[in-house]
Structures are given as structure tokens and as C-alpha cells.
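Data first, discussion second: the structure below is written as C-alpha cells.
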Amino acid sequence: MGNKIIEVSVGLFVIAGIAALLVLAFHVSDFSTYSEHNTYRVSAKFDNIGDLKPRAPVTIAGVKVGQVVGIDLDKKEYKAVVKLRIEAKDNNIPLDSSASIVTAGLLGSNYIAITPGFEDNFIKDNGVIEETNSAIILEDMIGQFIFNSKKDDEKKSET
Amino acid sequence: MMTENIQNIGKSSINVCSNVGYAGIFLLKTIFRKPRLVKGFPLLIKEVFSVGVFSLPIILVASIFIGMVVGLQGYNILSKFSATEQLGQLIALSVVRELGPVVGALLFAGRAGSALTAEIGLMKTTEQLASMEMMGVDPLWRVIAPRFWAGIISLPILTIIFCAVAVFGGHLIGVEWLGIDAGSFWSNMQSSVDFRIDVLNGIIKSIAFGFVVTWIAVYQGYATVPTAAGISRATTRTVVYASLAVLGMDFVLTAIMMGGW
């Protein structure tokens, strides 16, 4: 086998490797979408974030517009500060919009849904979403439900 | 009788220690030497050809089947939770994190590692290495180093190709055959696979495996007992040691990467 064939096939081998890496980077792991330069930062404070995790999607009307990049605890107010990155092209979120943590399906993972408000001014880079709705914790709801139904039973037995 | 047994234990443990030490010195001698790029590079290309390119067919066939099997198995389990649209995530994560590096390295040890050992072992048995030294050519430079570096370069490339093809195999089964929606297949995959955490860590694993597998292969070849039986024993040992080393190291590396040591 000639030297040239060897070199050409090694070259093809390396190129195939690089191509596969690009496939992994851009098709499998979505490397590029939420980098620094084509997004802007927004933060929101929640009383309880439930099971929200970094990299969870942020949606408006069900359309994904960004993702959660960090979760911290506000030490003074004991609230969770959630940092979001939103795509630069979706820069027309009104200032009085509200963010709520919702669950995908009954047992699915949590994500943030932004409900747009009506103001004409829009949220800027490093802006804050003031109005927030905390995560609905299933256990709390069940607990409250049982507590209420017990109360009802007691009332019935008294009358 | 008793002392003989104790003596045997001592003898074999001294043997093991000296072998490990010899392998380590051998490794250092191979790595730390003045690089001779102009003469060394063509040799390296030739070895990448015989080590990497010839391993490509087995890697391709194995990866597409592994992707399809994970797809089928995952679909069966996920359909119990009616979460079949998560199949893309399951395939991509399991392939990129574990199956790609590990199965790739095992196949590489069987395909390329054994060939390296047999080749170098036969060179030693027929005294080619000794005559090379007689002519003033260092066999570590001429024979061992190109093969060693070729292994370290080839396995990560093979692993990346393995991962990409396996994801494609999973796509074939999940989307084309079982009828999962292609959009949710890919978007669930993309939202859960992180390039740095998942893909890069898999590549780091495969570099470590390539290092260990080729080290074992070239050392076993270099230290062959120069007989026909010696070559066969060395080849067997390469495959066994390399496979065990890969599986053991995989646990340690995973514990470091996932456990946050």
C-alpha cells in the first residue's frame, strides 16, 4: 500500500472524528444557543422554587425563550434568587410580566413560565421580574386537602 | 514445605513489583525523550493508520447496534411511564457518558491492542528489536513511541465517532421505527446533554483509556518471553489486563466526575 493512500485515509479518519465532534456539540448537546453574547440576564425572586434546577427551560406561551443559569439564596429575605438567560431576540418582555414555576405533566420536571404584562416598557439586561408565583408543591396541596376534609368531617359530626 | 509456600508468595510478589516498576520506567522512557518531529511524524501517521483506521469498521458496526439496542430497551421501559419522548435523552446520555468510552476502549483493546502486542512480540522473538539496537537505532523511538502515541490519538477519535453513530442508531430505532416525534426526540436530548459536563468528560475518559490500553499493549509486546507460546500468552494478557484496567478506571473516573470529589 502506497504512502499516499495511508496519509489520505488517516486524514479522512481525523476529519471524520472532527465532524462527529461537531455533531455531538451542536446536534446532541446544543452547545451554542445560550452563550453569553446572544442572550441577556434577568433575575426573579421566588418564595419557593420546589424542584427547579439550573438549565431548566424558560417559556412564554409555551415557547422556549431561555433557560435558568443559576439559583442562589437571598440571605436577608430567605428567598430564592433565580437567574435566567433569555434570547436577545425576545427582548420585548413587558416590565409588569410575572414569572411562575410550573410542572411539565404530573410528575415532570419544573420550568419557568413567563406571563407577559401590559406595560410599554420592556425588561432590560440585568433586569428583575418583580411579580412571581412560587412552585406548587404536590405534598403541601395533598396535606392541605386532607386537613380541610378532616375539618369538614368534624363540622358535619357536630351538626 | 511451609517455608517453600511462603517463599513462593514472596517470589511472586517481588515479580509483580518489579514488573510494575519496569513498565513504569518503560513508559517514562517512551514519553520523555527528545522529540524528532520530522522523522517521527510519518511513522506516527503510519501507525494511526494501522491502529485507528483499521479499527473504524468494528467501531462503526458496534456503535450503530449499541445505539439501536439502547433505543429498543429504553423505549420498552420508558413506555411504562409514558415518557417515551425522553428516549433521545436516555440514549445520548448513556452513550456519551458511559457506553461510548467504555465499549469503544474494550473493542479497541481487542482489535488494536492485541495486534500491537503480537506485532512487537514477534519483532522481539525474531530479534528484530535487538538487531535494531545493534545498528544504533533505539527501538523505543522507532517501534514503541509511534505506536503508543497513535493509540492515544486514535481512541478518542474513535470514541467520538462511536458516540455520534450510536445516537444516529438510536434515532433510527426511536424515530423511524417506533414513531417517536423527531422534534421532541432531539429537543429533549439537546436540553439535557451538556457539552462540557457530558461530552468533554466522555472524551477525557477515552483519552485516559487510550493511554492505559496502548501502554499495556506495547509493554506486553516489549516484555514478551521470546517463544511462540510467549507471544500467545502476552496477547491474551494484553486483552485481559486492558479490559480490566478500562472497567476499573471507568469506575474511578466516573466517581471523580459525577461524585464531585
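Labels for the C-alpha cells follow display order: chains A, B, ..., residues from 1 in each chain, ligands from 1.
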key: Within 7 Å of chain A: residues of chain B, using only C-alpha atoms, as a count of residues only   = 15
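Take the candidates B:Ala245, B:Ile144, B:Leu178, B:Val213 and check each one against Gln73 in chain B using only C-alpha atoms; the shortest distance goes to B:Leu178.
The residue that comes closest to Ile59 in chain B, out of B:Leu27, B:Leu44, B:Met123, B:Leu99 and on the basis of only C-alpha atoms, is B:Leu99.
Nearest-residue note for Lys53 in chain A: choosing from A:Gln144, A:Asn133, A:Asn110, A:Asn91, the minimum distance belongs to A:Asn110, counting only C-alpha atoms.
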Which of range 17-83 of chain A DSSP labels strand (DSSP E or B), written as a VMD selection string = chain A and resid 39 to 46 57 to 60 63 to 74 79 to 83
How would the residues just picked look written out with N, CA, C and O atoms as a compact mmCIF listing (two decimals), in the first residue's frame?
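File produced: again-v5.txt:
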# COMPACT_ATOMS: atom_id res chain seq x y z
N THR A 39 -27.62 36.56 24.41
CA THR A 39 -28.67 36.48 25.43
C THR A 39 -28.56 37.67 26.37
O THR A 39 -27.57 38.40 26.35
N TYR A 40 -29.57 37.88 27.20
CA TYR A 40 -29.45 38.86 28.27
C TYR A 40 -29.97 38.25 29.57
O TYR A 40 -30.72 37.27 29.57
N ARG A 41 -29.50 38.84 30.70
CA ARG A 41 -29.79 38.25 32.00
C ARG A 41 -30.99 38.91 32.65
O ARG A 41 -31.15 40.12 32.57
N VAL A 42 -31.78 38.09 33.31
CA VAL A 42 -32.91 38.59 34.08
C VAL A 42 -32.92 37.78 35.36
O VAL A 42 -32.54 36.62 35.36
N SER A 43 -33.33 38.38 36.47
CA SER A 43 -33.44 37.59 37.69
C SER A 43 -34.84 37.73 38.28
O SER A 43 -35.57 38.68 37.96
N ALA A 44 -35.21 36.78 39.11
CA ALA A 44 -36.53 36.80 39.73
C ALA A 44 -36.42 36.15 41.10
O ALA A 44 -35.63 35.24 41.29
N LYS A 45 -37.19 36.68 42.07
CA LYS A 45 -37.15 36.12 43.42
C LYS A 45 -38.41 35.30 43.67
O LYS A 45 -39.52 35.76 43.40
N PHE A 46 -38.20 34.10 44.20
CA PHE A 46 -39.34 33.21 44.47
C PHE A 46 -39.34 32.84 45.95
O PHE A 46 -38.28 32.73 46.57
N PRO A 57 -35.88 25.02 31.27
CA PRO A 57 -36.28 25.98 30.25
C PRO A 57 -37.12 27.13 30.81
O PRO A 57 -37.78 27.00 31.84
N VAL A 58 -37.08 28.27 30.12
CA VAL A 58 -37.94 29.41 30.42
C VAL A 58 -38.83 29.60 29.20
O VAL A 58 -38.34 29.64 28.07
N THR A 59 -40.14 29.67 29.42
CA THR A 59 -41.04 29.73 28.28
C THR A 59 -41.97 30.93 28.37
O THR A 59 -42.26 31.44 29.47
N ILE A 60 -42.40 31.40 27.23
CA ILE A 60 -43.51 32.36 27.14
C ILE A 60 -44.55 31.73 26.23
O ILE A 60 -44.22 31.35 25.10
N VAL A 63 -43.48 28.62 24.44
CA VAL A 63 -42.34 28.62 23.54
C VAL A 63 -41.07 28.86 24.35
O VAL A 63 -41.02 29.78 25.17
N LYS A 64 -40.05 28.04 24.14
CA LYS A 64 -38.83 28.20 24.91
C LYS A 64 -38.07 29.43 24.47
O LYS A 64 -37.78 29.60 23.29
N VAL A 65 -37.78 30.33 25.41
CA VAL A 65 -37.06 31.55 25.07
C VAL A 65 -35.73 31.67 25.81
O VAL A 65 -34.97 32.60 25.56
N GLY A 66 -35.46 30.76 26.76
CA GLY A 66 -34.22 30.88 27.51
C GLY A 66 -34.10 29.75 28.50
O GLY A 66 -34.83 28.76 28.41
N GLN A 67 -33.14 29.88 29.41
CA GLN A 67 -33.01 28.85 30.43
C GLN A 67 -32.49 29.43 31.74
O GLN A 67 -31.97 30.54 31.79
N VAL A 68 -32.67 28.63 32.81
CA VAL A 68 -32.20 29.00 34.13
C VAL A 68 -30.70 28.77 34.18
O VAL A 68 -30.22 27.69 33.81
N VAL A 69 -29.93 29.79 34.59
CA VAL A 69 -28.49 29.59 34.64
C VAL A 69 -27.96 29.51 36.07
O VAL A 69 -26.86 29.03 36.29
N GLY A 70 -28.72 29.98 37.06
CA GLY A 70 -28.19 29.90 38.41
C GLY A 70 -29.29 30.09 39.44
O GLY A 70 -30.30 30.76 39.18
N ILE A 71 -29.12 29.46 40.60
CA ILE A 71 -30.09 29.59 41.69
C ILE A 71 -29.30 29.91 42.95
O ILE A 71 -28.36 29.19 43.30
N ASP A 72 -29.65 31.01 43.62
CA ASP A 72 -28.97 31.39 44.86
C ASP A 72 -30.02 31.65 45.93
O ASP A 72 -31.20 31.80 45.62
N LEU A 73 -29.54 31.75 47.18
CA LEU A 73 -30.45 32.08 48.28
C LEU A 73 -30.20 33.53 48.70
O LEU A 73 -29.05 33.93 48.91
N ASP A 74 -31.26 34.32 48.77
CA ASP A 74 -31.15 35.67 49.31
C ASP A 74 -31.15 35.54 50.83
O ASP A 74 -32.15 35.14 51.44
N LYS A 79 -35.29 34.18 50.37
CA LYS A 79 -35.96 33.87 49.11
C LYS A 79 -34.95 33.30 48.13
O LYS A 79 -33.75 33.54 48.26
N ALA A 80 -35.45 32.57 47.16
CA ALA A 80 -34.57 32.01 46.13
C ALA A 80 -34.43 33.01 44.99
O ALA A 80 -35.42 33.52 44.49
N VAL A 81 -33.19 33.34 44.64
CA VAL A 81 -32.94 34.23 43.51
C VAL A 81 -32.59 33.37 42.30
O VAL A 81 -31.58 32.68 42.30
N VAL A 82 -33.45 33.40 41.30
CA VAL A 82 -33.23 32.58 40.11
C VAL A 82 -32.75 33.48 38.98
O VAL A 82 -33.38 34.50 38.68
N LYS A 83 -31.59 33.14 38.42
CA LYS A 83 -31.05 33.93 37.31
C LYS A 83 -31.41 33.25 36.00
O LYS A 83 -31.21 32.05 35.83
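Proximity of A:Ser97, A:Asp47, A:Thr115, A:Asp90 to Glu77 in chain A, computed with only C-alpha atoms, is greatest for A:Asp47.
Look at Phe162 in chain B: the protein and nucleic acid residues within 8 Å of it, using only C-alpha atoms and passing over chain neighbours fewer than 4 places away, are Ile59, Leu60, Ser63, Ile64, Gly100, Gly104, Leu158 and Ala166 of chain B.
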task = Using DSSP on the backbone coordinates, identify the residues of range 3-154 of chain A assigned to alpha helix (DSSP H); present them as a PyMOL selection string.
result = chain A and resi 3-22+138-154
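CA of Phe118 in chain A is found 21.0 Å from CA of Leu84 in chain A.
Computed from the coordinates, the CA of Tyr78 in chain A to CA of Tyr111 in chain A distance equals 21.0 Å.
Using only C-alpha atoms, the protein and nucleic acid residues lying no more than 9 Å from Ile58 in chain B, apart from those fewer than 5 places from it along its own chain, are Ser63, Leu107, Phe108 and Arg111 of chain B.
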Near-range 224-229 of chain B list (7 Å; only C-alpha atoms; drop same-chain fewer than 5 positions) as a ChimeraX atom specification = /B:121,124-125,234
Could those residues be written to a file, using C-alpha atoms, as a PDB file, in the first residue's frame?
ATOM      1  CA  GLY B 121       6.247  -9.590  20.437  1.00  0.00           C
ATOM      2  CA  LYS B 124      11.302  -9.315  19.768  1.00  0.00           C
ATOM      3  CA  THR B 125      11.115 -13.077  19.200  1.00  0.00           C
ATOM      4  CA  ALA B 234       1.349 -11.858  26.012  1.00  0.00           C
TER       5      ALA B 234
END
